[in-house]
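Text of the file final-v2.tsv, holding TSV, C-alpha atoms:
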```tsv
chain	number	residue	atom	x	y	z
A	1	MET	CA	-4.70	-2.41	-13.99
A	2	LEU	CA	-2.97	-0.49	-11.22
A	3	ASP	CA	-4.16	-3.09	-8.70
A	4	ILE	CA	-1.43	-5.40	-10.07
A	5	ALA	CA	1.06	-2.60	-10.72
A	6	GLU	CA	4.02	-4.13	-8.89
A	7	GLU	CA	3.98	-7.31	-10.96
A	8	LEU	CA	3.40	-5.42	-14.22
A	9	HIS	CA	6.18	-2.96	-13.37
A	10	ARG	CA	8.55	-5.93	-13.09
A	11	TRP	CA	7.34	-7.19	-16.46
A	12	VAL	CA	8.09	-3.79	-18.01
A	13	GLU	CA	11.59	-3.78	-16.51
A	14	GLN	CA	12.16	-7.28	-17.87
A	15	GLY	CA	11.07	-6.19	-21.34
A	16	ARG	CA	8.12	-8.59	-21.46
A	17	GLU	CA	5.23	-7.88	-23.83
A	18	PHE	CA	1.78	-8.24	-22.30
A	19	ALA	CA	-1.89	-7.38	-22.64
A	20	VAL	CA	-4.17	-6.26	-19.83
A	21	ALA	CA	-7.88	-6.85	-19.36
A	22	THR	CA	-9.46	-4.30	-17.01
A	23	VAL	CA	-12.95	-4.20	-15.56
A	24	VAL	CA	-14.55	-1.03	-16.92
A	25	ALA	CA	-18.12	-1.26	-15.60
A	26	VAL	CA	-20.24	-3.65	-13.56
A	27	GLY	CA	-23.94	-4.29	-13.20
A	28	GLY	CA	-25.83	-6.42	-10.70
A	29	SER	CA	-23.86	-8.77	-8.46
A	30	ALA	CA	-20.33	-8.84	-9.84
A	31	PRO	CA	-17.32	-10.11	-7.88
A	32	ARG	CA	-14.81	-7.44	-8.94
A	33	GLN	CA	-15.07	-3.66	-9.28
A	34	PRO	CA	-13.84	-1.26	-12.02
A	35	GLY	CA	-10.05	-1.21	-12.12
A	36	ALA	CA	-9.61	-4.92	-11.35
A	37	ALA	CA	-7.31	-6.46	-13.94
A	38	LEU	CA	-5.90	-9.63	-15.43
A	39	ALA	CA	-2.69	-9.55	-17.48
A	40	VAL	CA	-1.17	-12.12	-19.84
A	41	ASP	CA	2.35	-11.97	-21.25
A	42	SER	CA	3.65	-13.35	-24.54
A	43	ASP	CA	4.71	-16.61	-22.82
A	44	GLY	CA	1.17	-17.19	-21.57
A	45	THR	CA	1.83	-16.29	-17.93
A	46	ALA	CA	-1.23	-14.75	-16.28
A	47	ILE	CA	-1.61	-12.63	-13.15
A	48	GLY	CA	-4.59	-10.91	-11.55
A	49	SER	CA	-8.32	-11.50	-11.85
A	50	VAL	CA	-11.36	-9.79	-13.35
A	51	SER	CA	-14.20	-12.01	-12.15
A	52	GLY	CA	-13.15	-14.33	-9.37
A	53	GLY	CA	-12.95	-17.17	-11.91
A	54	CYS	CA	-16.25	-16.87	-13.81
A	55	VAL	CA	-14.91	-15.63	-17.15
A	56	GLU	CA	-11.16	-15.81	-16.66
A	57	GLY	CA	-10.65	-18.35	-19.44
A	58	ALA	CA	-12.39	-16.25	-22.07
A	59	VAL	CA	-10.61	-13.09	-20.93
A	60	TYR	CA	-7.28	-14.92	-21.05
A	61	ASP	CA	-7.97	-15.76	-24.72
A	62	LEU	CA	-8.85	-12.12	-25.45
A	63	CYS	CA	-5.53	-11.00	-24.00
A	64	GLN	CA	-3.64	-13.45	-26.17
A	65	GLN	CA	-5.57	-12.21	-29.20
A	66	ALA	CA	-4.71	-8.60	-28.34
A	67	LEU	CA	-1.03	-9.54	-28.18
A	68	GLU	CA	-1.28	-11.06	-31.66
A	69	ASP	CA	-3.23	-8.36	-33.48
A	70	GLY	CA	-2.40	-5.30	-31.35
A	71	LYS	CA	-6.06	-4.26	-31.16
A	72	THR	CA	-7.95	-2.87	-28.18
A	73	VAL	CA	-11.46	-4.21	-27.60
A	74	VAL	CA	-14.27	-3.95	-25.03
A	75	GLU	CA	-16.25	-7.13	-24.34
A	76	ARG	CA	-19.34	-7.63	-22.17
A	77	PHE	CA	-19.87	-10.75	-20.08
A	78	GLY	CA	-23.13	-11.63	-18.38
A	79	TYR	CA	-25.20	-14.49	-17.02
A	80	SER	CA	-26.21	-17.22	-19.46
A	81	ASP	CA	-29.77	-18.40	-18.85
A	82	GLU	CA	-29.36	-21.30	-21.26
A	83	ASP	CA	-26.25	-22.71	-19.66
A	84	ALA	CA	-25.01	-21.51	-16.29
A	85	PHE	CA	-21.62	-23.03	-17.05
A	86	ALA	CA	-21.19	-21.26	-20.37
A	87	VAL	CA	-18.98	-18.22	-20.61
A	88	GLY	CA	-20.77	-15.83	-18.31
A	89	LEU	CA	-21.21	-14.66	-14.74
A	90	THR	CA	-23.20	-17.29	-12.90
A	91	CYS	CA	-23.63	-14.81	-10.02
A	92	GLY	CA	-26.06	-12.89	-12.23
A	93	GLY	CA	-23.95	-9.81	-12.85
A	94	ILE	CA	-22.65	-8.10	-15.96
A	95	ILE	CA	-19.13	-6.78	-16.47
A	96	ASP	CA	-17.53	-4.84	-19.32
A	97	ILE	CA	-13.87	-5.64	-19.90
A	98	LEU	CA	-11.33	-3.44	-21.72
A	99	VAL	CA	-8.56	-5.53	-23.28
A	100	THR	CA	-5.51	-3.70	-24.59
A	101	PRO	CA	-1.92	-4.58	-25.47
A	102	VAL	CA	0.56	-2.59	-23.37
A	103	ARG	CA	3.34	-1.28	-25.55
A	104	GLY	CA	4.93	1.88	-24.22
A	105	GLY	CA	3.03	5.15	-23.96
A	106	VAL	CA	2.22	6.34	-20.45
A	107	TYR	CA	1.69	2.84	-19.07
A	108	PRO	CA	5.26	2.30	-17.75
A	109	ALA	CA	5.13	5.65	-15.92
A	110	ALA	CA	1.71	4.82	-14.46
A	111	LEU	CA	2.91	1.44	-13.23
A	112	ALA	CA	6.05	2.98	-11.73
A	113	ALA	CA	4.01	5.62	-9.90
A	114	ALA	CA	1.63	3.03	-8.44
A	115	THR	CA	4.50	0.77	-7.41
A	116	THR	CA	6.27	3.53	-5.48
A	117	GLY	CA	3.08	4.82	-3.85
A	118	GLU	CA	3.07	8.08	-5.81
A	119	ALA	CA	-0.34	9.69	-6.27
A	120	ALA	CA	-1.39	9.60	-9.94
A	121	ALA	CA	-4.43	8.81	-12.10
A	122	LEU	CA	-4.51	6.82	-15.33
A	123	ALA	CA	-7.37	7.87	-17.62
A	124	ARG	CA	-8.20	5.62	-20.57
A	125	ILE	CA	-10.85	5.89	-23.29
A	126	VAL	CA	-13.22	2.91	-22.96
A	127	SER	CA	-16.10	4.14	-25.13
A	128	GLY	CA	-15.89	6.34	-28.22
A	129	PRO	CA	-14.35	6.33	-31.69
A	130	GLU	CA	-12.72	2.97	-32.41
A	131	ASP	CA	-9.32	4.47	-33.23
A	132	LEU	CA	-9.17	6.17	-29.81
A	133	MET	CA	-10.08	3.14	-27.69
A	134	GLY	CA	-7.52	2.42	-24.98
A	135	ARG	CA	-5.58	5.66	-25.40
A	136	ALA	CA	-4.46	7.08	-22.08
A	137	VAL	CA	-3.14	10.06	-20.17
A	138	LEU	CA	-1.38	10.00	-16.81
A	139	VAL	CA	-2.41	12.81	-14.48
A	140	ARG	CA	-0.52	14.10	-11.40
A	141	PRO	CA	-2.03	15.78	-8.32
A	142	ASP	CA	-0.92	19.23	-9.52
A	143	GLY	CA	-2.93	18.80	-12.73
A	144	SER	CA	0.03	18.19	-15.02
A	145	TYR	CA	-0.30	15.26	-17.38
A	146	GLU	CA	1.54	13.25	-19.98
A	147	GLY	CA	0.26	11.34	-22.98
A	148	LYS	CA	-2.34	12.17	-25.61
A	149	LEU	CA	-5.79	10.79	-26.25
A	150	GLY	CA	-5.74	11.93	-29.85
A	151	GLY	CA	-7.83	14.46	-31.68
A	152	HIS	CA	-7.84	17.96	-30.21
A	153	PRO	CA	-5.68	19.15	-27.26
A	154	GLU	CA	-8.90	20.27	-25.57
A	155	LEU	CA	-9.82	16.59	-25.19
A	156	ASP	CA	-6.58	15.95	-23.29
A	157	ARG	CA	-7.13	18.96	-21.03
A	158	THR	CA	-10.73	17.98	-20.31
A	159	ALA	CA	-9.75	14.38	-19.55
A	160	ALA	CA	-6.91	15.54	-17.30
A	161	GLY	CA	-9.26	17.82	-15.40
A	162	GLU	CA	-11.80	15.02	-14.82
A	163	ALA	CA	-9.06	12.59	-13.80
A	164	ARG	CA	-7.54	15.08	-11.36
A	165	ALA	CA	-10.92	15.49	-9.65
A	166	MET	CA	-11.20	11.72	-9.29
A	167	LEU	CA	-7.63	11.55	-7.99
A	168	ASP	CA	-8.30	14.25	-5.40
A	169	ALA	CA	-11.14	12.10	-4.06
A	170	GLY	CA	-9.09	8.91	-4.31
A	171	ARG	CA	-11.74	7.35	-6.55
A	172	THR	CA	-11.66	4.84	-9.39
A	173	GLY	CA	-14.52	4.64	-11.90
A	174	THR	CA	-15.86	5.93	-15.19
A	175	VAL	CA	-16.61	9.50	-16.21
A	176	GLU	CA	-18.38	10.87	-19.27
A	177	ILE	CA	-16.93	13.67	-21.40
A	178	GLY	CA	-19.58	15.65	-23.25
A	179	GLU	CA	-19.60	16.59	-26.88
A	180	ASP	CA	-17.77	19.86	-26.29
A	181	GLY	CA	-14.75	18.00	-24.98
A	182	SER	CA	-14.63	15.20	-27.52
A	183	ARG	CA	-13.52	14.74	-31.06
A	184	CYS	CA	-16.00	14.89	-33.92
A	185	GLY	CA	-18.81	15.79	-31.54
A	186	GLN	CA	-18.92	12.26	-30.11
A	187	PRO	CA	-19.11	11.80	-26.34
A	188	LEU	CA	-16.46	9.65	-24.70
A	189	THR	CA	-16.28	7.48	-21.60
A	190	LEU	CA	-13.08	7.40	-19.58
A	191	LEU	CA	-12.00	4.83	-17.02
A	192	VAL	CA	-10.01	6.69	-14.37
A	193	GLU	CA	-7.87	4.60	-12.01
A	194	SER	CA	-6.57	6.51	-9.02
A	195	SER	CA	-3.34	5.37	-7.42
A	196	VAL	CA	-3.00	6.83	-3.95
A	197	PRO	CA	-0.72	6.08	-0.98
A	198	ALA	CA	-2.05	3.41	1.36
A	199	PRO	CA	-4.45	4.72	4.02
A	200	ARG	CA	-3.17	4.85	7.59
A	201	MET	CA	-4.08	2.66	10.53
A	202	ILE	CA	-2.70	3.96	13.82
A	203	VAL	CA	-2.82	1.45	16.67
A	204	PHE	CA	-2.40	2.98	20.12
A	205	GLY	CA	-1.23	0.56	22.80
A	206	ALA	CA	1.62	-1.93	22.29
A	207	ILE	CA	-0.21	-4.98	23.65
A	208	ASP	CA	-0.65	-8.52	22.34
A	209	PHE	CA	-3.98	-7.61	20.73
A	210	ALA	CA	-2.16	-4.85	18.84
A	211	ALA	CA	0.27	-7.34	17.30
A	212	ALA	CA	-2.66	-9.30	15.84
A	213	LEU	CA	-4.36	-6.10	14.66
A	214	VAL	CA	-1.18	-5.01	12.87
A	215	ARG	CA	-1.31	-8.21	10.82
A	216	VAL	CA	-4.99	-7.66	9.96
A	217	GLY	CA	-4.30	-4.01	9.07
A	218	LYS	CA	-1.52	-4.98	6.69
A	219	PHE	CA	-3.75	-7.63	5.12
A	220	LEU	CA	-6.42	-4.97	4.50
A	221	GLY	CA	-3.89	-2.70	2.77
A	222	TYR	CA	-3.18	-0.14	5.49
A	223	HIS	CA	0.09	1.57	6.37
A	224	VAL	CA	0.20	0.58	10.04
A	225	THR	CA	1.76	2.61	12.86
A	226	VAL	CA	1.99	1.40	16.45
A	227	CYS	CA	2.25	4.10	19.12
A	228	ASP	CA	2.89	3.65	22.85
A	229	ALA	CA	4.54	5.81	25.48
A	230	ARG	CA	6.37	2.81	26.97
A	231	PRO	CA	9.65	2.05	25.13
A	232	VAL	CA	9.96	-1.40	26.65
A	233	PHE	CA	6.79	-2.50	24.81
A	234	ALA	CA	6.93	-0.46	21.59
A	235	THR	CA	9.74	-2.36	19.85
A	236	PRO	CA	10.32	-3.79	16.36
A	237	ALA	CA	10.81	-7.23	17.88
A	238	ARG	CA	7.23	-7.18	19.20
A	239	PHE	CA	5.74	-5.70	16.02
A	240	PRO	CA	7.86	-6.90	13.08
A	241	GLU	CA	5.07	-6.34	10.55
A	242	ALA	CA	4.34	-2.72	11.52
A	243	ASP	CA	5.43	-0.05	9.04
A	244	GLU	CA	6.30	2.35	11.84
A	245	ILE	CA	6.72	2.22	15.63
A	246	VAL	CA	6.50	5.43	17.64
A	247	VAL	CA	7.43	5.86	21.30
A	248	GLU	CA	5.40	8.87	22.43
A	249	TRP	CA	2.36	9.77	24.48
A	250	PRO	CA	-0.54	8.88	22.17
A	251	HIS	CA	-2.31	12.25	22.19
A	252	ARG	CA	0.93	14.11	21.53
A	253	TYR	CA	1.73	11.89	18.57
A	254	LEU	CA	-1.78	12.26	17.16
A	255	GLU	CA	-1.53	16.03	17.38
A	256	SER	CA	1.76	16.02	15.46
A	257	THR	CA	1.10	13.46	12.70
A	258	GLU	CA	-0.87	13.71	9.45
A	259	VAL	CA	-4.27	12.03	9.14
A	260	ASP	CA	-7.04	12.25	6.55
A	261	GLY	CA	-10.51	11.00	5.76
A	262	ARG	CA	-9.24	7.44	5.17
A	263	THR	CA	-7.30	7.11	8.44
A	264	VAL	CA	-8.49	4.64	11.09
A	265	LEU	CA	-7.55	5.05	14.76
A	266	CYS	CA	-7.65	2.01	17.06
A	267	VAL	CA	-7.21	2.75	20.77
A	268	LEU	CA	-6.26	-0.44	22.62
A	269	THR	CA	-4.68	1.05	25.73
A	270	HIS	CA	-7.89	0.97	27.91
A	271	ASP	CA	-6.09	3.16	30.44
A	272	ALA	CA	-7.76	6.49	31.26
A	273	LYS	CA	-4.53	8.47	31.47
A	274	PHE	CA	-3.84	7.54	27.83
A	275	ASP	CA	-7.38	7.15	26.50
A	276	VAL	CA	-9.03	10.38	27.61
A	277	PRO	CA	-6.60	12.95	26.13
A	278	LEU	CA	-6.17	10.76	23.04
A	279	LEU	CA	-9.88	10.35	22.33
A	280	GLN	CA	-10.54	13.99	23.17
A	281	ALA	CA	-8.26	14.86	20.24
A	282	ALA	CA	-9.23	11.96	17.96
A	283	LEU	CA	-12.98	12.61	17.99
A	284	LYS	CA	-12.45	16.12	16.64
A	285	LEU	CA	-10.49	14.90	13.60
A	286	PRO	CA	-12.02	14.16	10.16
A	287	VAL	CA	-10.86	10.53	10.16
A	288	ALA	CA	-12.77	7.49	8.89
A	289	TYR	CA	-12.94	5.50	12.12
A	290	VAL	CA	-12.21	5.83	15.84
A	291	GLY	CA	-12.51	2.70	17.99
A	292	ALA	CA	-11.56	2.04	21.60
A	293	MET	CA	-11.06	-1.24	23.43
A	294	GLY	CA	-12.50	-2.00	26.85
A	295	SER	CA	-15.38	-3.60	28.72
A	296	ARG	CA	-18.79	-1.98	28.81
A	297	ARG	CA	-18.00	-0.73	32.30
A	298	THR	CA	-14.76	0.78	31.00
A	299	HIS	CA	-16.71	2.32	28.13
A	300	GLU	CA	-19.22	3.99	30.45
A	301	ASP	CA	-16.48	5.32	32.72
A	302	ARG	CA	-14.49	6.58	29.72
A	303	ASN	CA	-17.51	8.36	28.27
A	304	LYS	CA	-18.11	10.07	31.61
A	305	ARG	CA	-14.50	11.27	31.72
A	306	LEU	CA	-14.70	12.47	28.11
A	307	ARG	CA	-17.84	14.49	28.82
A	308	GLU	CA	-16.08	16.07	31.81
A	309	VAL	CA	-13.29	17.36	29.54
A	310	GLY	CA	-15.75	18.86	27.06
A	311	VAL	CA	-16.31	16.15	24.46
A	312	THR	CA	-19.78	16.70	22.96
A	313	GLU	CA	-22.48	14.08	22.48
A	314	LEU	CA	-22.11	14.45	18.70
A	315	GLU	CA	-18.41	13.68	18.99
A	316	LEU	CA	-19.05	10.73	21.32
A	317	ALA	CA	-21.47	9.29	18.77
A	318	ARG	CA	-18.51	8.76	16.43
A	319	LEU	CA	-16.72	6.49	18.91
A	320	ARG	CA	-16.90	2.74	18.21
A	321	SER	CA	-16.68	1.27	21.72
A	322	PRO	CA	-16.38	-1.47	22.74
A	323	ILE	CA	-14.34	-1.81	19.56
A	324	GLY	CA	-15.19	-4.42	16.92
A	325	LEU	CA	-18.19	-6.50	15.83
A	326	ASP	CA	-19.85	-9.13	18.00
A	327	LEU	CA	-18.11	-12.32	16.82
A	328	GLY	CA	-17.76	-13.84	20.26
A	329	ALA	CA	-14.02	-13.20	19.92
A	330	ARG	CA	-11.67	-14.23	22.74
A	331	THR	CA	-8.13	-14.54	21.36
A	332	PRO	CA	-6.07	-11.59	20.08
A	333	GLU	CA	-6.43	-12.90	16.54
A	334	GLU	CA	-10.21	-13.25	16.81
A	335	THR	CA	-10.46	-9.79	18.35
A	336	ALA	CA	-8.33	-8.31	15.58
A	337	LEU	CA	-10.63	-9.97	13.04
A	338	SER	CA	-13.69	-8.40	14.69
A	339	ILE	CA	-12.04	-4.97	14.62
A	340	GLY	CA	-11.03	-5.36	10.98
A	341	ALA	CA	-14.56	-6.49	10.10
A	342	GLU	CA	-16.05	-3.39	11.76
A	343	ILE	CA	-13.63	-1.14	9.87
A	344	VAL	CA	-14.62	-2.74	6.56
A	345	ALA	CA	-18.34	-2.54	7.38
A	346	ASN	CA	-17.93	1.12	8.30
A	347	ARG	CA	-16.04	1.85	5.10
A	348	ARG	CA	-18.36	-0.05	2.76
A	349	GLY	CA	-21.69	0.74	4.41
A	350	GLY	CA	-22.30	-2.84	5.55
A	351	THR	CA	-24.57	-3.87	8.42
A	352	GLY	CA	-22.28	-6.42	10.04
A	353	LEU	CA	-25.16	-8.94	10.02
A	354	SER	CA	-24.99	-12.47	8.64
A	355	LEU	CA	-25.87	-12.67	4.94
A	356	THR	CA	-27.69	-15.95	5.52
A	357	GLY	CA	-31.41	-15.25	5.44
A	358	ALA	CA	-30.84	-11.52	5.04
A	359	HIS	CA	-32.38	-9.40	2.30
A	360	THR	CA	-29.56	-6.85	2.20
A	361	PRO	CA	-27.28	-6.57	-0.86
A	362	ILE	CA	-23.99	-8.46	-0.79
A	363	HIS	CA	-22.13	-5.52	-2.34
A	364	HIS	CA	-23.23	-2.25	-0.77
A	365	ASP	CA	-23.43	1.06	-2.59
A	366	GLY	CA	-22.70	3.00	0.59
A	367	PRO	CA	-19.67	5.20	1.27
A	368	ARG	CA	-16.43	3.73	0.05
A	369	GLU	CA	-12.91	4.79	0.88
A	370	PRO	CA	-9.81	3.61	-0.94
A	371	THR	CA	-7.76	0.91	0.62
A	372	GLY	CA	-4.33	0.14	-0.47
A	373	ARG	CA	-3.21	1.35	-3.83
A	374	ILE	CA	-6.44	1.63	-5.78
A	375	GLY	CA	-9.20	4.04	-4.87
A	376	SER	CA	-12.86	3.26	-4.54
A	377	VAL	CA	-15.52	2.99	-7.18
A	378	ALA	CA	-17.20	6.20	-8.19
```
Any chance you could give the structure as structure tokens?
Amino acid sequence: MLDIAEELHRWVEQGREFAVATVVAVGGSAPRQPGAALAVDSDGTAIGSVSGGCVEGAVYDLCQQALEDGKTVVERFGYSDEDAFAVGLTCGGIIDILVTPVRGGVYPAALAAATTGEAAALARIVSGPEDLMGRAVLVRPDGSYEGKLGGHPELDRTAAGEARAMLDAGRTGTVEIGEDGSRCGQPLTLLVESSVPAPRMIVFGAIDFAAALVRVGKFLGYHVTVCDARPVFATPARFPEADEIVVEWPHRYLESTEVDGRTVLCVLTHDAKFDVPLLQAALKLPVAYVGAMGSRRTHEDRNKRLREVGVTELELARLRSPIGLDLGARTPEETALSIGAEIVANRRGGTGLSLTGAHTPIHHDGPREPTGRIGSVA
């Protein structure tokens, strides 16, 4: 539900009653992942999505029912062999949906944290004793938590510990709590939604291609910084959609700023005096992606220069250059699309090949990194 936190936070501030349906688990080819949510208020207004349209009508009705009777339920939706247009996922997948009325508890605090970009994890019981279904705790990065799941305090501590581990990894998904940590000897399943600050995209080189890439980066949920040593080019007027504009030599800025395993670095300067010291530093950092623009001739010359300053072959293997996927791109917008596509393929474990005629899965189970507010699936 934290994927629609901003809208729900406004509903809380307006005093509106609502119910939320959240994807708990998926099987096969399903359009949305755990954490995806649809909410319905008492006036019938709906926001969000749990299936891309397949079962939205039925889930909408469940939310209205939850508002009326105040009960939390878990429903499973799957493909209907008898009628592909019946309530079910015609894509062949199966999804479990948790539907719960939101009335106080830790939910307002969780929505506020996600809205402001504060790191926090919301852990809810999605399988276990009926009277505990939907109960939640909100966990902070330091391990502190608020809320109670019910039963024994050891259950709350165990859930908080599991949720903190998921939060540290920026992951969203389900986790099982064994009999020792549950009430009445019954195992429980928790859905943990991690809310983490947006990952960073740092674009080096204040050129026209960078302006298009900033727009793509924002669309993909990144906090986008543009860095260039030339103040005449690195201006808010040229990059109105950037979150931050830095006038500094690229390698100096990279050495002084914070990056992590979700950060992507896009080097668009294609000028050796900028590129070489920048990439020399970038390829040693534990970031998610390093790409550099330039022709194949520029790429070969740049690699030679990087080897001369001590960059190893293992480090060079991390460099995506020429940057982007082969889309035949020519315009800045098309080039930015190819770069964004390569970043997504790298993050999700995709091949970058056309799905037509391919035998690869549509939704990969490869490495996933969180983008935007909600973390990846466990």
Checklist line | Leu111 (chain A) environment, 12 Å, all atoms listed in the file, sequence neighbours closer than 4 positions dropped, as a PyMOL selection string | finding: chain A and resi 1-13+102+104-107+115-122+138+193-195+373-374
How close does region 39-158 of chain A get to region 163-167 of chain A? List, as a tab-separated table, each residue of region 39-158 of chain A within 12 Å, its nearest atom pair and the distance in Å to one decimal, counting only C-alpha atoms.
```
residue	atom	partner	partner_atom	distance
A:Glu118	CA	A:Leu167	CA	11.5
A:Ala119	CA	A:Leu167	CA	7.7
A:Ala120	CA	A:Leu167	CA	6.8
A:Ala121	CA	A:Leu167	CA	5.9
A:Leu122	CA	A:Ala163	CA	7.5
A:Ala123	CA	A:Ala163	CA	6.3
A:Arg124	CA	A:Ala163	CA	9.8
A:Ile125	CA	A:Ala163	CA	11.8
A:Ala136	CA	A:Ala163	CA	11.0
A:Val137	CA	A:Ala163	CA	9.1
A:Leu138	CA	A:Ala163	CA	8.6
A:Val139	CA	A:Arg164	CA	6.4
A:Arg140	CA	A:Arg164	CA	7.1
A:Pro141	CA	A:Arg164	CA	6.3
A:Asp142	CA	A:Arg164	CA	8.0
A:Gly143	CA	A:Arg164	CA	6.1
A:Ser144	CA	A:Arg164	CA	9.0
A:Tyr145	CA	A:Arg164	CA	9.4
A:Asp156	CA	A:Ala163	CA	10.4
A:Arg157	CA	A:Ala163	CA	9.8
A:Thr158	CA	A:Ala163	CA	8.6
```
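Straight-line separation from CA of Gly35 (chain A) to CA of Val23 (chain A): 5.4 Å.
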Item checked: Polymer residues at most 12 Å from Lys273 (chain A), only C-alpha atoms, same-chain spacing of 5 or more positions, as a list in words ->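 Using only C-alpha atoms, the neighbours found are Ala229, Trp249, Pro250, His251, Leu278, Leu279, Gln280, Arg302, Arg305 and Leu306 of chain A.
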For region 212-216 of chain A, take all atoms listed in the file, fit an axis-aligned box around them, add 3 Å to each of the six sides, then output centre and edge lengths in Å rounded to one decimal, as JSON.
```
{"center_x": -3.1, "center_y": -7.2, "center_z": 12.9, "size_x": 9.8, "size_y": 10.3, "size_z": 11.9}
```
Margin query: Excluding Leu220 (chain A) and its own-chain neighbours fewer than 2 positions away, which residues fall within 12 Å of it when counting all atoms listed in the file? Please give them as number ranges by chain.
Written below: A: 198-201, 213-218, 222-224, 264, 336-337, 339-341, 343-344, 347, 370-373
Next item on the list: Select, from A:Asp228, A:Arg307, A:Phe18, A:Ala46, the residue with the minimum atom-to-atom distance to Gln65 (chain A), counting all atoms listed in the file.
Entry: A:Phe18
Next item on the list: Between CA of Thr45 (chain A) and CA of Ile97 (chain A), measure the distance and give it in Å to one decimal.
Entry: 19.1 Å
Next item on the list: For CA of Asp131 (chain A) and CA of Ala159 (chain A), determine how far apart the two atoms are, in Å to one decimal place.
Entry: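 Computing the Euclidean distance for CA of Asp131 (chain A) and CA of Ala159 (chain A) yields 16.9 Å.
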Note to self: So, with only C-alpha atoms as the atoms that count, which of A:Gly128, A:Pro277, A:Gly78, A:Gly357 lies closest to Val55 (chain A)?
What the structure shows: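 That would be A:Gly78, the residue with the smallest distance to Val55 (chain A).
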